file final.cif (mmCIF, C-alpha atoms)
data_model
loop_
_atom_site.label_atom_id
_atom_site.label_comp_id
_atom_site.auth_asym_id
_atom_site.auth_seq_id
_atom_site.Cartn_x
_atom_site.Cartn_y
_atom_site.Cartn_z
CA MET Y 1 0.00 0.00 0.00
CA ASP Y 2 1.38 3.40 -0.95
CA LYS Y 3 2.07 5.85 1.82
CA ILE Y 4 -1.00 7.99 2.49
CA LYS Y 5 -0.41 11.73 2.51
CA ARG Y 6 -1.67 13.95 5.30
CA ASN Y 7 -4.15 15.83 3.11
CA GLU Y 8 -5.60 12.48 2.04
CA ARG Y 9 -5.96 11.36 5.65
CA LEU Y 10 -7.58 14.66 6.65
CA GLY Y 11 -10.12 14.45 3.83
CA ALA Y 12 -11.04 10.84 4.52
CA MET Y 13 -11.16 11.34 8.29
CA THR Y 14 -13.42 14.37 7.95
CA ARG Y 15 -15.83 12.47 5.71
CA ILE Y 16 -15.97 9.49 8.06
CA LEU Y 17 -16.62 11.62 11.15
CA THR Y 18 -19.27 13.85 9.60
CA ASP Y 19 -21.05 10.88 8.01
CA THR Y 20 -21.47 9.30 11.47
CA PRO Y 21 -22.39 12.11 13.90
CA ASN Y 22 -22.05 11.36 17.62
CA ARG Y 23 -20.45 7.97 16.94
CA ILE Y 24 -17.12 7.27 18.61
CA HIS Y 25 -14.27 6.10 16.37
CA THR Y 26 -11.17 4.75 18.10
CA LEU Y 27 -7.73 6.03 17.23
CA GLY Y 28 -6.78 2.43 16.49
CA GLU Y 29 -9.45 2.31 13.79
CA PHE Y 30 -7.84 5.25 12.00
CA CYS Y 31 -4.33 3.93 12.61
CA GLU Y 32 -5.21 0.66 10.91
CA MET Y 33 -7.05 2.40 8.07
CA PHE Y 34 -4.26 4.84 7.24
CA GLY Y 35 -1.21 2.85 8.38
CA ALA Y 36 -0.16 5.66 10.71
CA ALA Y 37 0.95 5.97 14.34
CA LYS Y 38 -1.42 7.18 17.05
CA SER Y 39 0.62 10.34 17.51
CA THR Y 40 0.19 11.15 13.82
CA ILE Y 41 -3.57 10.50 13.94
CA SER Y 42 -3.87 12.69 17.05
CA GLU Y 43 -2.16 15.54 15.21
CA ASP Y 44 -4.53 15.07 12.27
CA ILE Y 45 -7.54 15.19 14.59
CA ASP Y 46 -6.26 18.42 16.14
CA LEU Y 47 -6.02 19.99 12.67
CA VAL Y 48 -9.53 18.93 11.70
CA SER Y 49 -10.89 20.11 15.05
CA ALA Y 50 -9.30 23.55 14.69
CA SER Y 51 -10.69 23.93 11.18
CA PHE Y 52 -14.20 23.00 12.32
CA ARG Y 53 -14.06 25.53 15.17
CA GLN Y 54 -12.84 28.28 12.86
CA PHE Y 55 -15.61 27.82 10.31
CA ASP Y 56 -18.46 26.92 12.70
CA LEU Y 57 -18.80 23.39 11.30
CA GLY Y 58 -19.35 21.55 14.57
CA LEU Y 59 -17.21 19.96 17.25
CA ILE Y 60 -14.57 17.25 16.86
CA GLU Y 61 -14.38 15.87 20.38
CA THR Y 62 -11.89 13.48 21.97
CA VAL Y 63 -13.48 11.01 24.38
CA ALA Y 64 -11.25 9.58 27.11
CA GLY Y 65 -11.42 6.11 28.61
CA ALA Y 66 -11.21 2.49 27.49
CA ALA Y 67 -14.11 2.93 25.07
CA GLY Y 68 -12.95 6.37 24.03
CA GLY Y 69 -11.82 7.82 20.76
CA VAL Y 70 -13.00 10.73 18.66
CA ARG Y 71 -16.45 11.83 17.47
CA TYR Y 72 -18.12 14.59 15.53
CA ARG Y 73 -21.03 16.50 16.99
CA ALA Y 74 -23.09 19.07 15.12
CA MET Y 75 -22.90 22.11 17.41
CA PRO Y 76 -24.04 25.16 15.45
CA SER Y 77 -23.18 28.46 17.09
CA MET Y 78 -25.92 30.78 18.29
CA ASP Y 79 -25.23 33.09 15.33
CA ARG Y 80 -25.73 30.20 12.92
CA CYS Y 81 -28.93 29.12 14.70
CA ARG Y 82 -30.27 32.65 14.43
CA ARG Y 83 -29.47 32.80 10.72
CA VAL Y 84 -31.11 29.44 9.99
CA LEU Y 85 -34.24 30.13 12.01
CA GLY Y 86 -34.50 33.74 10.82
CA ALA Y 87 -34.38 32.63 7.18
CA LEU Y 88 -36.92 29.87 7.87
CA ALA Y 89 -39.29 32.28 9.63
CA LYS Y 90 -39.09 34.59 6.63
CA ARG Y 91 -39.99 31.75 4.27
CA LEU Y 92 -42.93 30.71 6.41
CA GLN Y 93 -44.33 34.25 6.21
CA GLU Y 94 -44.78 33.98 2.46
CA PRO Y 95 -48.38 34.48 1.23
CA GLY Y 96 -50.63 31.46 0.81
CA ARG Y 97 -49.46 29.37 3.75
CA MET Y 98 -52.52 29.97 5.93
CA LEU Y 99 -54.61 26.81 6.37
CA PRO Y 100 -58.11 26.41 7.89
CA GLY Y 101 -58.12 25.94 11.65
CA GLY Y 102 -55.17 28.22 12.34
CA PHE Y 103 -52.56 25.89 10.87
CA LEU Y 104 -49.53 26.75 8.77
CA TYR Y 105 -48.41 24.92 5.64
CA THR Y 106 -44.86 23.71 6.26
CA SER Y 107 -44.64 20.38 4.41
CA ASP Y 108 -42.57 21.77 1.55
CA VAL Y 109 -40.02 23.18 3.98
CA THR Y 110 -39.70 20.13 6.22
CA ALA Y 111 -39.32 17.90 3.15
CA GLU Y 112 -36.11 19.69 2.16
CA SER Y 113 -33.19 17.57 3.34
CA VAL Y 114 -30.90 20.58 3.92
CA THR Y 115 -33.51 22.40 6.00
CA ALA Y 116 -34.44 19.25 7.93
CA GLN Y 117 -30.78 18.57 8.69
CA SER Y 118 -30.17 22.13 9.91
CA LEU Y 119 -33.15 21.85 12.25
CA GLY Y 120 -32.03 18.41 13.36
CA GLU Y 121 -28.61 19.81 14.26
CA ILE Y 122 -30.13 22.63 16.33
CA LEU Y 123 -32.42 20.23 18.17
CA ALA Y 124 -29.85 17.48 18.70
CA MET Y 125 -27.21 19.72 20.27
CA GLN Y 126 -29.61 20.54 23.12
CA TYR Y 127 -29.95 16.88 24.08
CA TYR Y 128 -26.50 15.35 23.74
CA ASP Y 129 -26.08 15.43 27.51
CA LYS Y 130 -29.49 13.71 27.97
CA ALA Y 131 -28.26 10.69 25.96
CA PRO Y 132 -31.62 9.58 24.51
CA ASP Y 133 -31.84 6.00 23.24
CA PHE Y 134 -34.20 6.93 20.42
CA VAL Y 135 -36.22 9.76 18.89
CA LEU Y 136 -40.00 9.40 18.86
CA THR Y 137 -42.32 11.19 16.44
CA MET Y 138 -45.88 10.91 15.17
CA GLU Y 139 -46.59 10.16 11.54
CA THR Y 140 -46.19 11.84 9.13
CA LYS Y 141 -45.08 15.47 8.77
CA GLY Y 142 -42.65 15.40 11.68
CA ILE Y 143 -40.68 12.46 10.28
CA PRO Y 144 -38.02 14.40 8.28
CA ILE Y 145 -37.02 16.62 11.22
CA ALA Y 146 -37.17 13.75 13.69
CA LEU Y 147 -35.08 11.55 11.39
CA MET Y 148 -32.36 14.18 11.05
CA THR Y 149 -32.36 14.74 14.82
CA ALA Y 150 -31.98 10.99 15.33
CA ARG Y 151 -29.14 10.93 12.81
CA MET Y 152 -27.28 13.70 14.61
CA LEU Y 153 -27.68 11.79 17.90
CA ASP Y 154 -26.82 8.44 16.25
CA VAL Y 155 -29.97 6.78 17.61
CA PRO Y 156 -32.95 5.05 15.96
CA LEU Y 157 -36.15 6.81 14.94
CA VAL Y 158 -39.40 5.38 16.33
CA ILE Y 159 -42.68 6.36 14.67
CA ALA Y 160 -46.04 6.30 16.42
CA ARG Y 161 -48.97 5.77 14.08
CA ARG Y 162 -52.66 6.52 14.06
CA ASP Y 163 -53.33 2.81 13.67
CA SER Y 164 -51.24 -0.34 14.00
CA ARG Y 165 -49.68 -2.09 11.02
CA ALA Y 166 -49.80 -5.87 10.62
CA TYR Y 167 -46.15 -5.97 9.55
CA GLU Y 168 -45.09 -4.37 12.85
CA GLY Y 169 -46.64 -7.05 15.06
CA SER Y 170 -48.71 -6.42 18.17
CA ALA Y 171 -49.06 -2.82 19.30
CA VAL Y 172 -49.99 -0.66 22.27
CA LYS Y 173 -52.87 1.73 21.58
CA ILE Y 174 -53.92 4.77 23.57
CA ASN Y 175 -56.49 7.52 23.13
CA TYR Y 176 -55.44 11.15 23.36
CA ILE Y 177 -57.02 14.59 23.00
CA ALA Y 178 -56.03 16.31 19.76
CA GLY Y 179 -56.85 19.68 18.26
CA GLY Y 180 -56.40 23.19 19.51
CA GLY Y 181 -59.88 24.70 19.62
CA ASN Y 182 -61.89 21.80 18.21
CA GLU Y 183 -60.97 19.04 20.62
CA ARG Y 184 -61.37 15.45 19.51
CA ILE Y 185 -60.34 12.03 20.69
CA GLU Y 186 -57.84 10.24 18.45
CA THR Y 187 -55.92 6.97 18.67
CA MET Y 188 -52.17 6.45 18.69
CA ALA Y 189 -50.46 3.07 18.20
CA LEU Y 190 -46.89 1.93 18.70
CA ALA Y 191 -45.41 -1.52 18.07
CA ARG Y 192 -44.53 -3.37 21.28
CA ARG Y 193 -41.09 -4.21 19.92
CA ALA Y 194 -40.23 -0.57 19.23
CA VAL Y 195 -39.36 0.46 22.79
CA ASN Y 196 -37.92 -1.37 25.80
CA PRO Y 197 -38.65 -0.50 29.45
CA GLY Y 198 -36.12 1.91 30.92
CA GLN Y 199 -35.10 3.47 27.62
CA ARG Y 200 -34.85 7.23 27.21
CA ALA Y 201 -36.98 8.97 24.57
CA LEU Y 202 -36.63 12.35 22.87
CA ILE Y 203 -39.95 13.41 21.36
CA VAL Y 204 -39.78 15.52 18.17
CA ASP Y 205 -42.63 16.87 16.04
CA ASP Y 206 -43.12 19.56 13.44
CA PHE Y 207 -46.05 21.58 14.84
CA MET Y 208 -47.70 22.18 18.20
CA LYS Y 209 -50.97 23.99 18.73
CA GLY Y 210 -52.62 22.67 21.88
CA GLY Y 211 -49.96 20.07 22.62
CA GLY Y 212 -52.38 17.14 22.71
CA THR Y 213 -50.47 14.93 20.29
CA LEU Y 214 -47.20 15.54 22.09
CA GLN Y 215 -48.83 14.75 25.43
CA GLY Y 216 -50.20 11.59 23.83
CA MET Y 217 -46.64 10.54 22.98
CA VAL Y 218 -45.56 11.28 26.55
CA ASP Y 219 -48.43 9.10 27.79
CA MET Y 220 -47.43 6.39 25.32
CA MET Y 221 -43.91 6.33 26.75
CA ARG Y 222 -45.40 5.91 30.20
CA GLU Y 223 -47.15 2.78 28.94
CA PHE Y 224 -43.76 1.44 27.83
CA GLN Y 225 -42.10 2.48 31.12
CA ALA Y 226 -39.70 4.68 29.14
CA GLU Y 227 -38.31 8.01 30.34
CA VAL Y 228 -38.97 11.15 28.30
CA VAL Y 229 -35.83 13.32 28.32
CA GLY Y 230 -37.22 16.10 26.13
CA VAL Y 231 -40.12 17.31 23.98
CA CYS Y 232 -39.41 19.64 21.07
CA VAL Y 233 -41.07 20.98 17.93
CA MET Y 234 -40.11 23.04 14.92
CA ILE Y 235 -42.94 25.54 15.41
CA ALA Y 236 -45.51 26.21 18.14
CA THR Y 237 -48.48 28.57 18.14
CA ALA Y 238 -48.45 31.46 20.58
CA THR Y 239 -52.05 30.64 21.55
CA PRO Y 240 -53.26 28.82 23.46
CA GLN Y 241 -50.46 29.83 25.78
CA GLU Y 242 -51.16 26.93 28.12
CA LYS Y 243 -50.30 23.68 26.32
CA ARG Y 244 -51.35 20.19 27.35
CA VAL Y 245 -47.73 19.05 27.31
CA LYS Y 246 -45.39 20.77 29.73
CA GLY Y 247 -41.88 21.99 29.00
CA ALA Y 248 -41.93 21.63 25.22
CA ASN Y 249 -39.08 23.37 23.42
CA SER Y 250 -39.93 25.11 20.13
CA LEU Y 251 -37.62 26.67 17.56
CA LEU Y 252 -40.19 29.03 16.01
CA ILE Y 253 -43.37 30.73 17.24
CA LEU Y 254 -46.47 31.26 15.11
CA GLU Y 255 -47.98 34.47 16.46
CA GLY Y 256 -51.00 34.37 14.14
CA PHE Y 257 -52.06 35.46 10.65
CA ASP Y 258 -52.61 38.72 8.86
CA ARG Y 259 -56.12 38.17 7.50
CA GLU Y 260 -55.75 40.79 4.80
CA THR Y 261 -52.59 39.37 3.26
CA GLY Y 262 -53.00 35.74 4.32
CA CYS Y 263 -49.43 35.82 5.62
CA ALA Y 264 -48.31 34.15 8.83
CA ILE Y 265 -46.56 36.07 11.58
CA VAL Y 266 -43.62 33.84 12.53
CA ARG Y 267 -40.60 34.60 14.67
CA PRO Y 268 -37.74 32.57 16.15
CA ALA Y 269 -38.32 31.50 19.75
CA GLN Y 270 -37.08 33.84 22.47
CA GLN Y 271 -33.74 32.07 23.01
CA TYR Y 272 -32.83 32.54 19.32
CA GLN Y 273 -33.63 36.24 19.01
#
call {"tool": "encode", "arguments": {"input": "final.cif", "output": "structure tokens"}}
result
Amino acid sequence: MDKIKRNERLGAMTRILTDTPNRIHTLGEFCEMFGAAKSTISEDIDLVSASFRQFDLGLIETVAGAAGGVRYRAMPSMDRCRRVLGALAKRLQEPGRMLPGGFLYTSDVTAESVTAQSLGEILAMQYYDKAPDFVLTMETKGIPIALMTARMLDVPLVIARRDSRAYEGSAVKINYIAGGGNERIETMALARRAVNPGQRALIVDDFMKGGGTLQGMVDMMREFQAEVVGVCVMIATATPQEKRVKGANSLLILEGFDRETGCAIVRPAQQYQ
């Protein structure tokens, strides 16, 4: 095997780390891959880490201990978060997004992989220290954001459904109160094999009005004897101010609609202003 140059190692190492966020790679793994000494790999990691810090590309972190190594974590700065959420709020204020019932059309935005990944990075960095075992969402519109959050945390995505699927085996079903003003009882189902007792869940969804669906997912985790370490959404309505689920973290706030123009009034949440 020809000797691998440093620029080749740096390029390959960067790709490997960013393709597997929050996953620990041992120094031995890179030593074997590149045929280099640990001291050389450590120097390479320091160079990549410095570059990432300089250009706000995330954090290359060294983990000590027997199971330690190096990992990449998406840690956007507050300035970057403000830029991303400010630009998204501006897009969501475009005419024609008002839907009946006080809802906002966001499906085109959440379906964009780049946007979904940016939101996933912002959400994930708030829960690294909580070490969730999986991300839970409700079908269907919240899936892209939840999936990207799960990817950044390097954990599985679990999807609750409105009805069970035969190919998922037996399921737990609960009833929950949905709707903001027009309350209604709906059903939520989750495969028994999806969650184990004692696991830690991060709940992610795209939109919160009254918080009933999110509270339903919290109640579902109680049925599985799983711990909820966080509840977060892309956008929450300003009213009703009192939500059914407590402590939910939202990235954007929907203040309401301008009835004359049909435009939404959207702003980043307080911590991002």
call {"tool": "resolve_selection", "arguments": {"input": "final.cif", "expression": "the PyMOL selection byres ((chain Y and resi 109-117) around 9)", "output": "list in words"}}
result
Val84, Leu88, Arg91, Leu92, Tyr105, Thr106, Ser107, Asp108, Ser118, Leu119, Gly120, Glu121, Ile122, Lys141, Gly142, Ile143, Pro144, Ile145, Ala146, Leu147, Met148, Thr149, Arg151, Met152 and Asp206 of chain Y
call {"tool": "atom_distance", "arguments": {"input": "final.cif", "atom1": "CA of Ala74 in chain Y", "atom2": "CA of Ala124 in chain Y"}}
result
7.8 Å
call {"tool": "resolve_selection", "arguments": {"input": "final.cif", "expression": "the PyMOL selection byres ((chain Y and resi 188-200) around 9)", "output": "PDB file with C-alpha atoms, in the frame of the given file"}}
result
ATOM      1  CA  LYS Y 130     -29.490  13.710  27.970  1.00  0.00           C
ATOM      2  CA  ALA Y 131     -28.260  10.690  25.960  1.00  0.00           C
ATOM      3  CA  PRO Y 132     -31.620   9.580  24.510  1.00  0.00           C
ATOM      4  CA  ASP Y 133     -31.840   6.000  23.240  1.00  0.00           C
ATOM      5  CA  PHE Y 134     -34.200   6.930  20.420  1.00  0.00           C
ATOM      6  CA  VAL Y 135     -36.220   9.760  18.890  1.00  0.00           C
ATOM      7  CA  MET Y 138     -45.880  10.910  15.170  1.00  0.00           C
ATOM      8  CA  VAL Y 158     -39.400   5.380  16.330  1.00  0.00           C
ATOM      9  CA  ILE Y 159     -42.680   6.360  14.670  1.00  0.00           C
ATOM     10  CA  ALA Y 160     -46.040   6.300  16.420  1.00  0.00           C
ATOM     11  CA  ARG Y 161     -48.970   5.770  14.080  1.00  0.00           C
ATOM     12  CA  ARG Y 162     -52.660   6.520  14.060  1.00  0.00           C
ATOM     13  CA  ASP Y 163     -53.330   2.810  13.670  1.00  0.00           C
ATOM     14  CA  SER Y 164     -51.240  -0.340  14.000  1.00  0.00           C
ATOM     15  CA  ARG Y 165     -49.680  -2.090  11.020  1.00  0.00           C
ATOM     16  CA  GLU Y 168     -45.090  -4.370  12.850  1.00  0.00           C
ATOM     17  CA  GLY Y 169     -46.640  -7.050  15.060  1.00  0.00           C
ATOM     18  CA  SER Y 170     -48.710  -6.420  18.170  1.00  0.00           C
ATOM     19  CA  ALA Y 171     -49.060  -2.820  19.300  1.00  0.00           C
ATOM     20  CA  VAL Y 172     -49.990  -0.660  22.270  1.00  0.00           C
ATOM     21  CA  LYS Y 173     -52.870   1.730  21.580  1.00  0.00           C
ATOM     22  CA  ILE Y 174     -53.920   4.770  23.570  1.00  0.00           C
ATOM     23  CA  ASN Y 175     -56.490   7.520  23.130  1.00  0.00           C
ATOM     24  CA  TYR Y 176     -55.440  11.150  23.360  1.00  0.00           C
ATOM     25  CA  GLU Y 186     -57.840  10.240  18.450  1.00  0.00           C
ATOM     26  CA  THR Y 187     -55.920   6.970  18.670  1.00  0.00           C
ATOM     27  CA  ALA Y 201     -36.980   8.970  24.570  1.00  0.00           C
ATOM     28  CA  LEU Y 202     -36.630  12.350  22.870  1.00  0.00           C
ATOM     29  CA  THR Y 213     -50.470  14.930  20.290  1.00  0.00           C
ATOM     30  CA  GLY Y 216     -50.200  11.590  23.830  1.00  0.00           C
ATOM     31  CA  MET Y 217     -46.640  10.540  22.980  1.00  0.00           C
ATOM     32  CA  MET Y 220     -47.430   6.390  25.320  1.00  0.00           C
ATOM     33  CA  MET Y 221     -43.910   6.330  26.750  1.00  0.00           C
ATOM     34  CA  PHE Y 224     -43.760   1.440  27.830  1.00  0.00           C
ATOM     35  CA  GLN Y 225     -42.100   2.480  31.120  1.00  0.00           C
ATOM     36  CA  ALA Y 226     -39.700   4.680  29.140  1.00  0.00           C
ATOM     37  CA  GLU Y 227     -38.310   8.010  30.340  1.00  0.00           C
ATOM     38  CA  VAL Y 228     -38.970  11.150  28.300  1.00  0.00           C
ATOM     39  CA  VAL Y 229     -35.830  13.320  28.320  1.00  0.00           C
TER      40      VAL Y 229
END
call {"tool": "closest_residue", "arguments": {"input": "final.cif", "among": "Y:Asn22, Y:Thr237, Y:Gln273, Y:Gln215", "to": "Thr137 in chain Y", "atoms": "all atoms listed in the file"}}
result
Y:Gln215
call {"tool": "resolve_selection", "arguments": {"input": "final.cif", "expression": "the PyMOL selection byres ((chain Y and resi 35-42) around 10)", "output": "ChimeraX atom specification"}}
result
/Y:1-4,6,9-10,13,27-34,43-48,62,70
call {"tool": "closest_residue", "arguments": {"input": "final.cif", "among": "Y:Leu136, Y:Asp219, Y:Ile265, Y:Gly101", "to": "Ile203 in chain Y", "atoms": "all atoms listed in the file"}}
result
Y:Leu136
call {"tool": "axis_aligned_box", "arguments": {"input": "final.cif", "around": "range 239-256 of chain Y", "padding_each_side": "3 Å", "output": "JSON"}}
result
{"center_x": -45.4, "center_y": 26.8, "center_z": 21.9, "size_x": 21.6, "size_y": 21.4, "size_z": 21.6}
call {"tool": "closest_residue", "arguments": {"input": "final.cif", "among": "Y:Tyr128, Y:Phe52, Y:Phe207, Y:Tyr167", "to": "Leu104 in chain Y", "atoms": "all atoms listed in the file"}}
result
Y:Phe207
call {"tool": "closest_residue", "arguments": {"input": "final.cif", "among": "Y:Ala150, Y:Ile253, Y:Cys263, Y:Met98", "to": "Pro240 in chain Y", "atoms": "all atoms listed in the file"}}
result
Y:Ile253
call {"tool": "atom_distance", "arguments": {"input": "final.cif", "atom1": "CA of Val245 in chain Y", "atom2": "CA of Leu214 in chain Y"}}
result
6.3 Å
call {"tool": "atom_distance", "arguments": {"input": "final.cif", "atom1": "CA of Phe103 in chain Y", "atom2": "CA of Gln271 in chain Y"}}
result
23.2 Å
call {"tool": "residues_around", "arguments": {"input": "final.cif", "residues": "Leu59 in chain Y", "least_positions_apart": "6", "cutoff": "9 Å", "atoms": "only C-alpha atoms", "output": "list in words"}}
result
Ser49, Phe52, Arg53, Arg71, Tyr72, Arg73, Ala74, Met75 and Pro76 of chain Y
call {"tool": "closest_residue", "arguments": {"input": "final.cif", "among": "Y:Leu252, Y:Ala264, Y:Asp258, Y:Leu57", "to": "Gly86 in chain Y", "atoms": "all atoms listed in the file"}}
result
Y:Leu252
